[in-house]
Amino acid sequence: MNGSIYGKYKVALEKIMNDFVENIKSYNQASYEKTGYKLFEHITNRIKAEDSMREKCRRKDLPENEVSALYELKDAIGVRIVFSFVDDIYQSIEYIKSLPQCVVVKEKDYIKHAKPNGYRSYHMILEMTVPYEDVKGNTPGKYYIEVQLRTIAMDSWASLEHQLKYKKNVSNQKLIVEELKRCADEMASCDVSMQTIRNLINAE
């Protein structure tokens, strides 16, 4: 199809994503300067690929246009933050919630309440009020960011599970699913142990 599904709003999407990521990086740097350690290890971000957004519109029976991509679906901007310690995830969530231009419209805590397959992560959909026209014609406008926060262990597990999901004709699939669930539980136990060790060190 001709043209971007994001239309003239693609430039605004890039700016909003970059501003949000820079804000989070600055917060991380401020923590490092104050405490000597960073809250998170790395952050990745993307504008959802055109083909993926169009496919999702079709799957949800939505027209393939800007309103669907930027208003009905709320994951055009995706940000993933990967941490060493679980407590730092929750501290960062509080910081994100405190941002004056940000409203949390949806959140799911898959860390405390893991999915049946073992998946763990914290998901947020943020509504950002920004000085750009939005798809509804409003200025300031409202755009959405999907944020995932997880530990290194959770991120490694999710990458492996993702590979399995898209691999066709995998033999021993039932055994692999069972092993993945076992690994997820063991990794979660390790995350708890790592947090406990750090708490003991900090208590000295």
# chains A, B, ... in the order shown; residues from 1 in each chain; ligands from 1
>>> residues_around(residues="stretch 79-94 of chain A", least_positions_apart="4", cutoff="9 Å", atoms="only C-alpha atoms", output="PyMOL selection string")
chain A and resi 17+21+24+27-28+38-46+98+111+122+124+145-155+191-192+194-195+198
>>> write_last_selection(atoms="C-alpha atoms", output="PDB file, in the first residue's frame")
ATOM      1  CA  MET A  17       9.581   8.388  21.527  1.00  0.00           C
ATOM      2  CA  VAL A  21      13.648   7.646  26.110  1.00  0.00           C
ATOM      3  CA  ILE A  24      14.256   7.819  31.225  1.00  0.00           C
ATOM      4  CA  TYR A  27      16.624   9.525  35.313  1.00  0.00           C
ATOM      5  CA  ASN A  28      18.933   6.514  35.152  1.00  0.00           C
ATOM      6  CA  LYS A  38      22.199   2.497  37.520  1.00  0.00           C
ATOM      7  CA  LEU A  39      18.566   1.515  37.878  1.00  0.00           C
ATOM      8  CA  PHE A  40      18.471  -0.298  34.544  1.00  0.00           C
ATOM      9  CA  GLU A  41      20.964  -1.961  32.234  1.00  0.00           C
ATOM     10  CA  HIS A  42      19.627  -0.955  28.844  1.00  0.00           C
ATOM     11  CA  ILE A  43      16.636   0.480  27.021  1.00  0.00           C
ATOM     12  CA  THR A  44      15.387  -0.254  23.502  1.00  0.00           C
ATOM     13  CA  ASN A  45      12.692   1.505  21.516  1.00  0.00           C
ATOM     14  CA  ARG A  46      10.961   1.340  18.162  1.00  0.00           C
ATOM     15  CA  SER A  98       4.955  10.890  38.285  1.00  0.00           C
ATOM     16  CA  ILE A 111       5.940 -10.149  37.511  1.00  0.00           C
ATOM     17  CA  TYR A 122       5.466  -5.356  33.688  1.00  0.00           C
ATOM     18  CA  MET A 124       2.125  -0.172  30.793  1.00  0.00           C
ATOM     19  CA  ILE A 145       3.498   4.543  24.394  1.00  0.00           C
ATOM     20  CA  GLU A 146       3.658   0.856  25.278  1.00  0.00           C
ATOM     21  CA  VAL A 147       6.324   0.221  27.926  1.00  0.00           C
ATOM     22  CA  GLN A 148       7.666  -3.158  29.057  1.00  0.00           C
ATOM     23  CA  LEU A 149       9.879  -3.396  32.132  1.00  0.00           C
ATOM     24  CA  ARG A 150      11.657  -6.658  32.953  1.00  0.00           C
ATOM     25  CA  THR A 151      14.822  -8.112  34.433  1.00  0.00           C
ATOM     26  CA  ILE A 152      17.689  -9.505  32.339  1.00  0.00           C
ATOM     27  CA  ALA A 153      16.501 -13.027  33.191  1.00  0.00           C
ATOM     28  CA  MET A 154      12.916 -12.258  32.143  1.00  0.00           C
ATOM     29  CA  ASP A 155      14.164 -10.685  28.907  1.00  0.00           C
ATOM     30  CA  ASP A 191      15.753 -12.736  40.602  1.00  0.00           C
ATOM     31  CA  VAL A 192      14.417 -12.975  44.159  1.00  0.00           C
ATOM     32  CA  MET A 194      19.698 -11.528  43.633  1.00  0.00           C
ATOM     33  CA  GLN A 195      17.416  -8.912  45.161  1.00  0.00           C
ATOM     34  CA  ARG A 198      21.655  -6.781  47.211  1.00  0.00           C
TER      35      ARG A 198
END
>>> closest_residue(among="A:Ser189, A:Asn23, A:Ser52, A:Gln163", to="A:Asp75", atoms="only C-alpha atoms")
A:Ser52
>>> closest_atom_pairs(of="stretch 45-131 of chain A", to="stretch 164-183 of chain A", cutoff="9 Å", atoms="only C-alpha atoms", output="CSV")
residue,atom,partner,partner_atom,distance
A:Pro116,CA,A:Lys181,CA,8.2
A:Asn117,CA,A:Lys181,CA,5.5
A:Gly118,CA,A:Lys181,CA,5.0
A:Tyr119,CA,A:Lys181,CA,8.1
>>> write_last_selection(atoms="C-alpha atoms", output="compact mmCIF listing (two decimals), in the first residue's frame")
# COMPACT_ATOMS: atom_id res chain seq x y z
CA PRO A 116 0.52 -19.61 32.78
CA ASN A 117 3.47 -20.27 30.44
CA GLY A 118 5.87 -18.54 32.87
CA TYR A 119 6.09 -15.16 31.10
>>> select_by_dssp(residues="stretch 12-168 of chain A", states="strand (DSSP E)", output="PyMOL selection string")
chain A and resi 40-47+77-83+102-109+122-130+141-151
>>> residues_around(residues="A:Asp61", least_positions_apart="5", cutoff="12 Å", atoms="only C-alpha atoms", output="ChimeraX atom specification")
/A:54-56,68,72-73
>>> select_by_dssp(residues="stretch 10-196 of chain A", states="alpha helix (DSSP H)", output="VMD selection string")
chain A and resid 10 to 35 50 to 59 66 to 67 86 to 98 152 to 166 173 to 196
>>> residues_around(residues="stretch 2-14 of chain A", least_positions_apart="2", cutoff="12 Å", atoms="only C-alpha atoms", output="ChimeraX atom specification")
/A:16-21,45-57,63-71,73-78,128-137,140-145
>>> write_last_selection(atoms="N, CA and C atoms", output="tab-separated table (two decimals), in the first residue's frame")
chain	number	residue	atom	x	y	z
A	16	ILE	N	8.30	12.11	20.06
A	16	ILE	CA	7.74	11.71	21.36
A	16	ILE	C	8.52	10.53	21.93
A	17	MET	N	8.81	9.56	21.09
A	17	MET	CA	9.58	8.39	21.53
A	17	MET	C	10.96	8.80	22.02
A	18	ASN	N	11.65	9.62	21.23
A	18	ASN	CA	13.01	10.02	21.60
A	18	ASN	C	13.02	10.86	22.88
A	19	ASP	N	12.04	11.75	23.03
A	19	ASP	CA	11.96	12.57	24.25
A	19	ASP	C	11.73	11.70	25.48
A	20	PHE	N	10.85	10.72	25.36
A	20	PHE	CA	10.55	9.83	26.48
A	20	PHE	C	11.79	9.02	26.85
A	21	VAL	N	12.45	8.46	25.85
A	21	VAL	CA	13.65	7.65	26.11
A	21	VAL	C	14.75	8.49	26.75
A	45	ASN	N	13.94	0.85	21.94
A	45	ASN	CA	12.69	1.50	21.52
A	45	ASN	C	12.51	1.36	20.01
A	46	ARG	N	11.24	1.45	19.59
A	46	ARG	CA	10.96	1.34	18.16
A	46	ARG	C	9.58	1.93	17.86
A	47	ILE	N	9.45	2.40	16.61
A	47	ILE	CA	8.12	2.66	16.06
A	47	ILE	C	7.68	1.36	15.39
A	48	LYS	N	6.48	0.88	15.71
A	48	LYS	CA	6.03	-0.41	15.16
A	48	LYS	C	6.12	-0.38	13.64
A	49	ALA	N	6.69	-1.43	13.08
A	49	ALA	CA	6.87	-1.52	11.63
A	49	ALA	C	5.52	-1.40	10.92
A	50	GLU	N	5.56	-0.77	9.76
A	50	GLU	CA	4.34	-0.54	8.99
A	50	GLU	C	3.58	-1.86	8.74
A	51	ASP	N	4.29	-2.88	8.29
A	51	ASP	CA	3.64	-4.15	7.97
A	51	ASP	C	3.01	-4.77	9.21
A	52	SER	N	3.71	-4.68	10.34
A	52	SER	CA	3.18	-5.24	11.58
A	52	SER	C	1.92	-4.50	12.03
A	53	MET	N	1.94	-3.17	11.90
A	53	MET	CA	0.76	-2.39	12.29
A	53	MET	C	-0.42	-2.69	11.37
A	54	ARG	N	-0.17	-2.80	10.08
A	54	ARG	CA	-1.26	-3.12	9.14
A	54	ARG	C	-1.83	-4.51	9.44
A	55	GLU	N	-0.94	-5.46	9.72
A	55	GLU	CA	-1.40	-6.82	10.03
A	55	GLU	C	-2.24	-6.83	11.29
A	56	LYS	N	-1.84	-6.04	12.29
A	56	LYS	CA	-2.61	-5.99	13.54
A	56	LYS	C	-3.98	-5.36	13.31
A	57	CYS	N	-4.03	-4.33	12.46
A	57	CYS	CA	-5.32	-3.72	12.12
A	57	CYS	C	-6.25	-4.76	11.49
A	63	PRO	N	-9.89	-0.57	10.20
A	63	PRO	CA	-9.39	-0.03	8.93
A	63	PRO	C	-7.90	0.30	9.05
A	64	GLU	N	-7.19	0.16	7.96
A	64	GLU	CA	-5.75	0.42	7.96
A	64	GLU	C	-5.51	1.92	7.74
A	65	ASN	N	-5.68	2.69	8.80
A	65	ASN	CA	-5.49	4.13	8.69
A	65	ASN	C	-4.86	4.70	9.96
A	66	GLU	N	-4.64	6.03	9.96
A	66	GLU	CA	-3.96	6.67	11.07
A	66	GLU	C	-4.72	6.56	12.39
A	67	VAL	N	-6.04	6.65	12.33
A	67	VAL	CA	-6.84	6.59	13.57
A	67	VAL	C	-6.67	5.23	14.23
A	68	SER	N	-6.73	4.17	13.45
A	68	SER	CA	-6.53	2.83	13.99
A	68	SER	C	-5.13	2.70	14.59
A	69	ALA	N	-4.12	3.16	13.85
A	69	ALA	CA	-2.73	2.97	14.24
A	69	ALA	C	-2.33	3.80	15.45
A	70	LEU	N	-2.93	4.99	15.60
A	70	LEU	CA	-2.48	5.92	16.63
A	70	LEU	C	-3.46	6.12	17.78
A	71	TYR	N	-4.69	5.66	17.59
A	71	TYR	CA	-5.71	5.88	18.63
A	71	TYR	C	-6.34	4.57	19.10
A	73	LEU	N	-5.37	1.39	18.40
A	73	LEU	CA	-4.26	0.57	18.89
A	73	LEU	C	-3.26	1.51	19.56
A	74	LYS	N	-2.67	1.06	20.63
A	74	LYS	CA	-1.89	1.99	21.44
A	74	LYS	C	-0.43	1.54	21.60
A	75	ASP	N	0.10	0.87	20.58
A	75	ASP	CA	1.47	0.38	20.69
A	75	ASP	C	2.34	0.79	19.50
A	76	ALA	N	1.98	1.92	18.87
A	76	ALA	CA	2.81	2.42	17.76
A	76	ALA	C	4.23	2.70	18.25
A	77	ILE	N	4.32	3.27	19.46
A	77	ILE	CA	5.63	3.48	20.10
A	77	ILE	C	5.82	2.38	21.13
A	78	GLY	N	6.93	1.69	21.05
A	78	GLY	CA	7.24	0.63	22.02
A	78	GLY	C	8.58	0.90	22.68
A	128	MET	N	0.37	10.15	26.55
A	128	MET	CA	1.26	11.30	26.68
A	128	MET	C	0.61	12.53	26.06
A	129	THR	N	0.54	13.61	26.83
A	129	THR	CA	0.08	14.89	26.31
A	129	THR	C	1.29	15.66	25.80
A	130	VAL	N	1.27	15.98	24.52
A	130	VAL	CA	2.46	16.55	23.86
A	130	VAL	C	2.08	17.76	23.02
A	131	PRO	N	3.04	18.63	22.73
A	131	PRO	CA	2.74	19.86	21.97
A	131	PRO	C	2.66	19.65	20.46
A	132	TYR	N	2.05	18.55	20.05
A	132	TYR	CA	1.89	18.25	18.63
A	132	TYR	C	0.43	17.90	18.36
A	133	GLU	N	-0.01	18.18	17.16
A	133	GLU	CA	-1.37	17.80	16.77
A	133	GLU	C	-1.49	16.28	16.76
A	134	ASP	N	-2.61	15.77	17.27
A	134	ASP	CA	-2.82	14.32	17.24
A	134	ASP	C	-3.79	13.95	16.14
A	135	VAL	N	-4.07	12.67	16.04
A	135	VAL	CA	-4.88	12.14	14.95
A	135	VAL	C	-6.34	12.59	15.04
A	136	LYS	N	-6.75	13.10	16.21
A	136	LYS	CA	-8.10	13.63	16.39
A	136	LYS	C	-8.17	15.13	16.10
A	137	GLY	N	-7.01	15.73	15.74
A	137	GLY	CA	-6.97	17.15	15.41
A	137	GLY	C	-6.75	18.05	16.60
A	140	PRO	N	-2.66	20.84	22.39
A	140	PRO	CA	-1.77	19.68	22.51
A	140	PRO	C	-2.49	18.37	22.18
A	141	GLY	N	-1.72	17.41	21.72
A	141	GLY	CA	-2.28	16.14	21.33
A	141	GLY	C	-1.97	15.02	22.31
A	142	LYS	N	-2.65	13.92	22.11
A	142	LYS	CA	-2.43	12.74	22.94
A	142	LYS	C	-1.92	11.59	22.07
A	143	TYR	N	-0.80	11.03	22.49
A	143	TYR	CA	-0.19	9.88	21.83
A	143	TYR	C	0.05	8.80	22.88
A	144	TYR	N	0.28	7.58	22.42
A	144	TYR	CA	0.40	6.45	23.34
A	144	TYR	C	1.76	5.77	23.21
A	145	ILE	N	2.25	5.30	24.36
A	145	ILE	CA	3.50	4.54	24.39
A	145	ILE	C	3.26	3.24	25.15
>>> closest_residue(among="A:Lys15, A:Lys34, A:Arg59, A:His123", to="A:Val105", atoms="only C-alpha atoms")
A:His123
>>> closest_residue(among="A:Glu22, A:Glu204, A:Glu33, A:Glu161", to="A:Arg120", atoms="only C-alpha atoms")
A:Glu161
